[in-house]
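Containing mmCIF, C-alpha atoms and all ligand atoms: protein.cif.
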```cif
data_model
#
loop_
_atom_site.label_atom_id
_atom_site.label_comp_id
_atom_site.auth_asym_id
_atom_site.auth_seq_id
_atom_site.Cartn_x
_atom_site.Cartn_y
_atom_site.Cartn_z
CA MET A 753 14.30 1.66 -12.66
CA SER A 754 13.98 2.52 -9.00
CA LYS A 755 17.12 3.92 -7.48
CA LEU A 756 16.43 2.25 -4.16
CA THR A 757 18.99 -0.47 -3.85
CA THR A 758 18.38 -1.78 -0.35
CA VAL A 759 15.01 -3.42 -0.94
CA ARG A 760 13.02 -4.60 -3.92
CA PRO A 761 10.21 -2.22 -4.77
CA LEU A 762 6.65 -3.38 -4.19
CA ILE A 763 3.95 -3.16 -6.84
CA ALA A 764 0.64 -3.49 -5.00
CA GLY A 765 -2.78 -3.76 -6.64
CA ASN A 766 -5.69 -2.61 -4.47
CA TRP A 767 -8.86 -3.99 -6.03
CA LYS A 768 -11.08 -2.19 -3.50
CA MET A 769 -14.69 -3.41 -3.66
CA ASN A 770 -14.27 -4.96 -7.10
CA GLY A 771 -14.06 -8.56 -8.21
CA LEU A 772 -16.27 -11.63 -8.38
CA THR A 773 -15.12 -15.18 -9.00
CA ALA A 774 -14.36 -14.48 -12.66
CA ALA A 775 -11.76 -11.89 -11.62
CA LEU A 776 -9.55 -14.69 -10.31
CA ASP A 777 -8.58 -15.13 -13.96
CA GLU A 778 -6.98 -11.67 -13.87
CA ALA A 779 -4.96 -12.69 -10.82
CA ARG A 780 -3.89 -15.89 -12.57
CA ALA A 781 -2.87 -13.82 -15.60
CA VAL A 782 -0.80 -11.51 -13.36
CA ALA A 783 0.94 -14.52 -11.82
CA ALA A 784 1.59 -16.02 -15.25
CA GLY A 785 3.01 -12.73 -16.52
CA VAL A 786 5.28 -12.41 -13.49
CA GLU A 787 6.42 -15.99 -14.04
CA THR A 788 7.24 -15.46 -17.73
CA ASP A 789 8.85 -12.09 -17.36
CA PRO A 790 9.85 -11.54 -13.69
CA PRO A 791 9.94 -7.84 -12.81
CA GLY A 792 12.57 -6.42 -10.49
CA ALA A 793 9.80 -5.80 -7.98
CA ARG A 794 7.65 -7.80 -5.61
CA VAL A 795 4.05 -7.98 -6.80
CA ALA A 796 0.98 -8.26 -4.56
CA ILE A 797 -2.77 -8.16 -5.11
CA PHE A 798 -5.27 -6.99 -2.46
CA PRO A 799 -8.65 -8.40 -3.52
CA PRO A 800 -11.91 -8.00 -1.60
CA ALA A 801 -12.05 -10.23 1.49
CA THR A 802 -14.42 -12.66 -0.27
CA LEU A 803 -11.71 -13.57 -2.80
CA ILE A 804 -8.66 -13.79 -0.54
CA HIS A 805 -8.90 -17.49 0.20
CA ARG A 806 -9.56 -18.57 -3.36
CA MET A 807 -6.95 -16.21 -4.77
CA ALA A 808 -4.35 -17.48 -2.31
CA ASP A 809 -5.20 -21.03 -3.42
CA ALA A 810 -5.12 -20.08 -7.10
CA LEU A 811 -1.71 -18.43 -6.72
CA ALA A 812 -0.18 -21.04 -4.39
CA GLY A 813 3.45 -21.64 -5.26
CA GLN A 814 3.61 -18.43 -7.34
CA THR A 815 5.54 -15.31 -6.42
CA VAL A 816 2.53 -12.95 -6.40
CA ALA A 817 1.44 -12.26 -2.82
CA VAL A 818 -2.16 -11.82 -1.67
CA GLY A 819 -3.19 -9.26 0.93
CA GLY A 820 -6.17 -7.82 2.76
CA GLN A 821 -7.43 -4.26 2.33
CA ASP A 822 -8.10 -3.63 6.01
CA CYS A 823 -8.31 -5.45 9.33
CA ARG A 824 -9.80 -4.92 12.75
CA PRO A 825 -7.35 -4.75 15.68
CA GLU A 826 -9.04 -7.42 17.83
CA VAL A 827 -8.34 -11.12 17.26
CA SER A 828 -12.03 -12.09 17.38
CA GLY A 829 -15.28 -11.06 19.00
CA ALA A 830 -18.67 -9.44 18.54
CA PHE A 831 -17.73 -7.12 15.69
CA THR A 832 -20.32 -7.73 13.00
CA GLY A 833 -18.98 -7.41 9.50
CA ASP A 834 -15.32 -7.01 10.47
CA THR A 835 -12.30 -9.17 9.70
CA SER A 836 -9.30 -9.70 11.97
CA ALA A 837 -5.70 -9.88 10.85
CA GLU A 838 -5.64 -13.51 12.02
CA MET A 839 -8.58 -14.27 9.71
CA LEU A 840 -6.79 -12.70 6.76
CA ALA A 841 -3.67 -14.76 7.50
CA ASP A 842 -5.81 -17.87 7.91
CA ALA A 843 -7.31 -17.21 4.47
CA GLY A 844 -3.84 -17.05 2.93
CA ALA A 845 -2.99 -13.34 3.03
CA THR A 846 0.57 -12.34 3.84
CA MET A 847 0.08 -8.55 3.79
CA VAL A 848 -2.57 -6.00 4.72
CA ILE A 849 -3.24 -2.36 3.86
CA VAL A 850 -4.08 -0.20 6.89
CA GLY A 851 -5.16 3.44 7.02
CA HIS A 852 -6.24 3.76 3.41
CA SER A 853 -7.86 7.18 2.94
CA GLU A 854 -11.14 5.52 1.97
CA ARG A 855 -11.12 4.03 5.49
CA ARG A 856 -9.77 7.14 7.24
CA GLY A 857 -12.24 9.39 5.41
CA GLY A 858 -15.23 7.10 4.98
CA TYR A 859 -15.19 5.57 8.45
CA GLY A 860 -13.48 8.25 10.51
CA GLU A 861 -10.47 6.07 11.24
CA THR A 862 -7.94 7.87 13.41
CA ASP A 863 -4.17 7.53 13.44
CA ALA A 864 -4.50 5.65 16.76
CA LEU A 865 -6.81 3.09 15.16
CA VAL A 866 -4.49 2.70 12.18
CA LEU A 867 -1.61 2.11 14.61
CA ALA A 868 -3.65 -0.60 16.37
CA LYS A 869 -4.41 -2.22 13.01
CA ALA A 870 -0.73 -2.22 12.04
CA GLN A 871 0.06 -3.82 15.39
CA ALA A 872 -2.62 -6.46 14.78
CA ALA A 873 -1.12 -7.17 11.37
CA LEU A 874 2.26 -7.89 12.94
CA ARG A 875 0.67 -10.06 15.63
CA ALA A 876 -0.86 -12.17 12.86
CA GLY A 877 2.38 -12.35 10.90
CA LEU A 878 1.20 -10.02 8.13
CA GLU A 879 3.30 -7.29 6.52
CA PRO A 880 1.39 -4.02 6.97
CA ILE A 881 1.28 -1.23 4.38
CA VAL A 882 0.52 1.92 6.33
CA CYS A 883 -1.11 4.65 4.23
CA VAL A 884 -0.91 8.40 4.71
CA GLY A 885 -2.07 11.27 2.52
CA GLU A 886 -3.26 14.86 2.57
CA SER A 887 -6.56 16.26 1.28
CA LEU A 888 -6.67 18.89 -1.45
CA GLU A 889 -7.63 21.50 1.12
CA GLN A 890 -4.60 20.63 3.23
CA ARG A 891 -2.32 20.71 0.18
CA ASP A 892 -3.71 24.07 -0.96
CA ALA A 893 -3.10 25.41 2.53
CA GLY A 894 0.57 24.41 2.19
CA ARG A 895 0.20 21.77 4.91
CA ALA A 896 0.78 18.55 2.94
CA ILE A 897 4.14 17.67 4.46
CA GLU A 898 3.08 18.54 7.99
CA VAL A 899 -0.09 16.42 7.62
CA ILE A 900 1.56 13.31 6.18
CA THR A 901 4.53 13.31 8.54
CA GLY A 902 2.14 13.79 11.46
CA GLN A 903 -0.01 10.88 10.26
CA LEU A 904 3.06 8.70 9.83
CA ARG A 905 4.42 9.37 13.33
CA ALA A 906 1.05 8.70 14.92
CA SER A 907 0.15 5.63 12.82
CA LEU A 908 3.28 3.51 13.26
CA PRO A 909 3.67 1.13 16.24
CA VAL A 910 7.39 1.83 16.30
CA ASP A 911 8.55 -0.71 18.89
CA ALA A 912 6.53 -3.53 17.33
CA LEU A 913 7.76 -2.68 13.84
CA LYS A 914 11.46 -2.77 14.74
CA GLY A 915 13.07 -5.56 12.76
CA GLU A 916 9.80 -6.38 10.95
CA ALA A 917 8.92 -6.03 7.28
CA PHE A 918 6.51 -3.20 6.57
CA ALA A 919 5.85 -0.56 3.94
CA VAL A 920 4.44 2.96 3.87
CA ALA A 921 2.23 4.34 1.12
CA TYR A 922 1.91 8.04 0.29
CA GLU A 923 -1.51 8.52 -1.24
CA PRO A 924 -2.68 12.09 -1.69
CA VAL A 925 -6.46 11.83 -1.22
CA TRP A 926 -7.17 14.13 -4.18
CA ALA A 927 -5.13 11.94 -6.54
CA ILE A 928 -7.02 8.71 -5.80
CA GLY A 929 -9.30 7.66 -8.61
CA THR A 930 -9.23 11.13 -10.16
CA GLY A 931 -6.66 10.78 -12.93
CA ARG A 932 -4.72 13.63 -11.28
CA THR A 933 -1.25 13.10 -9.86
CA PRO A 934 1.11 15.42 -7.98
CA THR A 935 4.13 16.71 -9.89
CA LEU A 936 7.21 14.51 -9.68
CA ASN A 937 8.82 17.19 -7.51
CA ASP A 938 5.89 17.09 -5.10
CA ILE A 939 6.05 13.29 -4.94
CA GLU A 940 9.76 13.46 -4.24
CA ALA A 941 9.31 16.13 -1.55
CA ALA A 942 6.64 14.04 0.18
CA HIS A 943 8.70 10.85 0.02
CA ASP A 944 11.83 12.65 1.24
CA ALA A 945 9.91 13.95 4.24
CA LEU A 946 8.51 10.49 5.02
CA ARG A 947 11.98 8.95 4.66
CA THR A 948 13.40 11.46 7.13
CA VAL A 949 10.77 10.45 9.70
CA LEU A 950 11.40 6.74 9.07
CA ILE A 951 15.15 7.16 9.61
CA GLU A 952 14.53 9.20 12.73
CA LEU A 953 12.23 6.49 14.15
CA PHE A 954 14.00 3.35 12.88
CA SER A 955 17.62 4.36 12.14
CA ASP A 956 19.11 2.03 9.51
CA GLN A 957 15.93 0.00 9.12
CA GLY A 958 14.10 3.22 8.23
CA ALA A 959 16.37 3.75 5.23
CA GLY A 960 15.17 0.52 3.64
CA VAL A 961 11.41 0.65 4.25
CA PRO A 962 9.66 0.86 0.86
CA ILE A 963 7.63 4.06 0.47
CA LEU A 964 5.00 3.45 -2.18
CA TYR A 965 3.25 6.18 -4.13
CA GLY A 966 -0.48 5.72 -4.78
CA GLY A 967 -3.09 7.74 -6.65
CA SER A 968 -3.94 7.46 -10.36
CA VAL A 969 -0.89 5.37 -11.25
CA ASN A 970 -1.21 3.92 -14.75
CA PRO A 971 1.07 2.25 -17.32
CA LYS A 972 1.92 5.68 -18.80
CA ASN A 973 3.01 7.53 -15.67
CA ALA A 974 4.46 4.58 -13.72
CA ALA A 975 8.00 4.78 -15.11
CA ASP A 976 8.45 8.45 -14.17
CA ILE A 977 6.94 7.96 -10.72
CA LEU A 978 8.98 4.83 -10.02
CA SER A 979 12.20 6.55 -11.08
CA GLN A 980 11.97 9.04 -8.21
CA LYS A 981 14.71 8.36 -5.71
CA GLU A 982 12.58 7.61 -2.66
CA VAL A 983 9.71 5.89 -4.46
CA GLY A 984 9.94 2.22 -3.54
CA GLY A 985 6.89 0.99 -5.39
CA VAL A 986 3.31 1.92 -6.20
CA LEU A 987 -0.12 1.20 -4.76
CA VAL A 988 -2.42 0.93 -7.75
CA GLY A 989 -6.22 1.00 -7.65
CA GLY A 990 -8.16 1.20 -10.90
CA ALA A 991 -5.26 0.17 -13.16
CA SER A 992 -4.69 -3.01 -11.13
CA LEU A 993 -8.01 -4.55 -12.16
CA LYS A 994 -6.76 -5.55 -15.61
CA ALA A 995 -3.79 -7.91 -15.63
CA ALA A 996 -2.28 -6.33 -18.75
CA ASP A 997 -2.22 -2.83 -17.23
CA PHE A 998 -0.98 -4.05 -13.85
CA LEU A 999 1.79 -6.09 -15.48
CA ALA A 1000 2.77 -3.10 -17.61
CA ILE A 1001 3.14 -1.06 -14.41
CA ALA A 1002 5.15 -3.82 -12.69
CA ALA A 1003 7.45 -3.96 -15.71
CA ARG A 1004 8.42 -0.32 -15.07
CA ALA A 1005 9.85 -1.08 -11.63
P1 LIG A 1101 -6.28 4.67 -7.93
O1 LIG A 1101 -6.35 4.22 -6.39
O2 LIG A 1101 -5.05 4.04 -8.52
O3 LIG A 1101 -7.55 4.14 -8.54
O4 LIG A 1101 -6.20 6.16 -7.94
C1 LIG A 1101 -5.19 4.12 -5.62
C2 LIG A 1101 -5.53 3.68 -4.21
O5 LIG A 1101 -6.52 4.14 -3.65
O6 LIG A 1101 -4.82 2.83 -3.64
#
```
Structure re-expressed in structure tokens:
Amino acid sequence: MSKLTTVRPLIAGNWKMNGLTAALDEARAVAAGVETDPPGARVAIFPPATLIHRMADALAGQTVAVGGQDCRPEVSGAFTGDTSAEMLADAGATMVIVGHSERRGGYGETDALVLAKAQAALRAGLEPIVCVGESLEQRDAGRAIEVITGQLRASLPVDALKGEAFAVAYEPVWAIGTGRTPTLNDIEAAHDALRTVLIELFSDQGAGVPILYGGSVNPKNAADILSQKEVGGVLVGGASLKAADFLAIAARA
């Protein structure tokens, strides 16, 4: 049980580049499970862009939200292959992940670009989840806290976010898809540091912003991770692809 009392935790499933039409059945199964046995958390699925519209239709009237995995800051234009926040909202998304390490690392996305994407999300009426996380090299050099707090400060459009719903995700790069997780103490230290920055930037609002942990979360480790004081949910990759595993994680919140 999360000790955060101000907001409901968020259990977010990031499908990454996985899922064809048949995977909509998994989303339906998640929604059915949430309906039968409502967890104390909000639940959201972030499918590939090709499935957003159909998933939003399939889950219409259900409590499971649908989100995008990324967006481009501009509303529209000559940006081949990209998707704007407005397009995600038009397809039925209500949330969007920005600054995931697979975007920061794989596409050289800077904090400034992540900030612009978060701003675009708000413009389109989407709730952004802003991701931060250190590399193994940075952690081994004792710089994890400095790196993630620096990313957070530089990635948040503070004025635009005032009074708006948003979440932060702490995702150590070396824990993503590796089966390795930080110790509970390390997770708590990271989340404490992020909370301090949020309170500094947003005062009371900063105390209630959910800070999700992400990186190799599974049904076995979810309860311990979610019981950490400042952990306000989880961002789940691999274990979100099967409804049974994802529901088992949501049940721990
Ligand atoms: P993972 O991915 O759960 O497969 O480690 C988490 C993420 O990248 O959001």
Name the residues in contact with Cys883 in chain A at a cut-off of 8 Å, using all atoms listed in the file, excluding same-chain residues fewer than 2 positions from it; report them as an mmCIF file with C-alpha atoms, keeping the file's coordinate frame.
```
data_model
loop_
_atom_site.group_PDB
_atom_site.id
_atom_site.type_symbol
_atom_site.label_atom_id
_atom_site.label_comp_id
_atom_site.auth_asym_id
_atom_site.auth_seq_id
_atom_site.Cartn_x
_atom_site.Cartn_y
_atom_site.Cartn_z
ATOM 1 C CA ILE A 849 -3.240 -2.360 3.860
ATOM 2 C CA VAL A 850 -4.080 -0.200 6.890
ATOM 3 C CA GLY A 851 -5.160 3.440 7.020
ATOM 4 C CA HIS A 852 -6.240 3.760 3.410
ATOM 5 C CA SER A 853 -7.860 7.180 2.940
ATOM 6 C CA ILE A 881 1.280 -1.230 4.380
ATOM 7 C CA GLY A 885 -2.070 11.270 2.520
ATOM 8 C CA VAL A 920 4.440 2.960 3.870
ATOM 9 C CA ALA A 921 2.230 4.340 1.120
ATOM 10 C CA TYR A 922 1.910 8.040 0.290
ATOM 11 C CA GLU A 923 -1.510 8.520 -1.240
#
```
Which residues of chain A come within 8 Å of ligand LIG 1101 (chain A), and for each one, what is the closest pair of atoms and their distance in Å to one decimal, counting only C-alpha atoms and all ligand atoms, sorted by chain and residue number, as JSON lines?
```
{"residue": "A:Gly765", "atom": "CA", "partner": "A:LIG1101", "partner_atom": "O6", "distance": 7.5}
{"residue": "A:Asn766", "atom": "CA", "partner": "A:LIG1101", "partner_atom": "O6", "distance": 5.6}
{"residue": "A:Lys768", "atom": "CA", "partner": "A:LIG1101", "partner_atom": "O5", "distance": 7.8}
{"residue": "A:His852", "atom": "CA", "partner": "A:LIG1101", "partner_atom": "O5", "distance": 7.1}
{"residue": "A:Ser853", "atom": "CA", "partner": "A:LIG1101", "partner_atom": "O5", "distance": 7.4}
{"residue": "A:Glu854", "atom": "CA", "partner": "A:LIG1101", "partner_atom": "O5", "distance": 7.4}
{"residue": "A:Glu923", "atom": "CA", "partner": "A:LIG1101", "partner_atom": "C2", "distance": 7.0}
{"residue": "A:Ala927", "atom": "CA", "partner": "A:LIG1101", "partner_atom": "O4", "distance": 6.0}
{"residue": "A:Ile928", "atom": "CA", "partner": "A:LIG1101", "partner_atom": "O4", "distance": 3.4}
{"residue": "A:Gly929", "atom": "CA", "partner": "A:LIG1101", "partner_atom": "O4", "distance": 3.5}
{"residue": "A:Thr930", "atom": "CA", "partner": "A:LIG1101", "partner_atom": "O4", "distance": 6.2}
{"residue": "A:Gly931", "atom": "CA", "partner": "A:LIG1101", "partner_atom": "O4", "distance": 6.8}
{"residue": "A:Gly966", "atom": "CA", "partner": "A:LIG1101", "partner_atom": "C1", "distance": 5.0}
{"residue": "A:Gly967", "atom": "CA", "partner": "A:LIG1101", "partner_atom": "O4", "distance": 3.7}
{"residue": "A:Ser968", "atom": "CA", "partner": "A:LIG1101", "partner_atom": "O4", "distance": 3.6}
{"residue": "A:Val969", "atom": "CA", "partner": "A:LIG1101", "partner_atom": "O2", "distance": 5.2}
{"residue": "A:Asn970", "atom": "CA", "partner": "A:LIG1101", "partner_atom": "O2", "distance": 7.3}
{"residue": "A:Leu987", "atom": "CA", "partner": "A:LIG1101", "partner_atom": "O6", "distance": 5.1}
{"residue": "A:Val988", "atom": "CA", "partner": "A:LIG1101", "partner_atom": "O2", "distance": 4.1}
{"residue": "A:Gly989", "atom": "CA", "partner": "A:LIG1101", "partner_atom": "O2", "distance": 3.4}
{"residue": "A:Gly990", "atom": "CA", "partner": "A:LIG1101", "partner_atom": "O3", "distance": 3.8}
{"residue": "A:Ala991", "atom": "CA", "partner": "A:LIG1101", "partner_atom": "O2", "distance": 6.0}
{"residue": "A:Ser992", "atom": "CA", "partner": "A:LIG1101", "partner_atom": "O2", "distance": 7.5}
```
(request) One decimal, Å: what's the distance from CA of Gly877 in chain A over to CA of Pro924 in chain A, could you say? (result)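 Distance between the two atoms: 28.0 Å.
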(request) Mind checking which residues fall within 10 Å of range 993-996 of chain A, counting all atoms listed in the file, ignoring those fewer than 4 positions away in the same chain, and posting them as a PyMOL selection string? (result) chain A and resi 765-768+770-771+775+777-785+797+799+971+988-989+1000-1002
(request) Quote the spacing between CA of Arg856 in chain A and CA of Gly844 in chain A in Å to one decimal place. (result)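 Distance reported for this atom pair: 25.3 Å.
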(message) If we count only C-alpha atoms and set the cut-off at 12 Å, which residues sit around Met839 in chain A, ignoring sequence neighbours fewer than 4 positions away in its own chain? Please answer as an MDAnalysis selection string.
(response) chainID A and resid 801:802 804:805 819:820 822:829 834:835 843:848 872:873 875:878
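Between CA of Thr901 in chain A and CA of Leu888 in chain A lies a distance of 16.0 Å.
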(message) Calculated over only C-alpha atoms, which of the candidates A:Val759, A:Ala917, A:Ala837, A:Ala912 has the smallest distance to Glu982 in chain A?
(response) A:Val759
Box in all listed atoms of range 794-804 of chain A, axis-aligned, with 8 Å more on each side; write out centre and edge lengths in Å to one decimal as lines of an AutoDock Vina configuration file.
```
center_x = -3.4
center_y = -10.4
center_z = -2.7
size_x = 38.1
size_y = 22.8
size_z = 24.3
```
(message) With distances taken over only C-alpha atoms, which residue among A:Tyr859, A:Tyr965, A:Phe954, A:Phe998 lies nearest Lys914 in chain A?
(response) A:Phe954
(request) Fewer than 4 positions away in the same chain doesn't count, so skip those; otherwise give me all residues within 8 Å of Ala896 in chain A, counting only C-alpha atoms, as a list in words. (result) Gly885, Glu886, Ser887, Gln890, Arg891, Ile900 and Ala942 of chain A
(request) Would you list the residues near (12.9, -6.0, -9.9) (no more than 8 Å away, in the coordinates of the file, using all atoms listed in the file) as a PyMOL selection string? (result) chain A and resi 760-761+790-794+1005
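If you measure from each of A:Ala808, A:Val786, A:Leu936, A:Ala870 to Phe918 in chain A using all atoms listed in the file, the closest one turns out to be A:Ala870.
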(request) Taking the point (-3.8, 5.0, 16.1) as given in the file, collect each protein or nucleic acid residue that comes within 12 Å of it, counting all atoms listed in the file, and present the set as JSON, numbers by chain. (result) {"A": [825, 850, 851, 856, 860, 861, 862, 863, 864, 865, 866, 867, 868, 869, 870, 871, 872, 882, 902, 903, 904, 905, 906, 907, 908, 909, 910]}
(message) Ranking A:Ile977, A:Met807, A:Ala796, A:Ala841 by minimum distance to Ala774 in chain A and counting only C-alpha atoms, which one comes first?
(response)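 Nearest to Ala774 in chain A: A:Met807.
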(message) Given only C-alpha atoms as the basis, pick out the residue of A:Leu913, A:Arg895, A:Asp809, A:Ala941 nearest to Pro880 in chain A.
(response) A:Leu913
(message) Nearest residue to Thr948 in chain A out of A:Ala975, A:Leu999, A:Gly915, A:Ile897, using only C-alpha atoms?
(response) A:Ile897
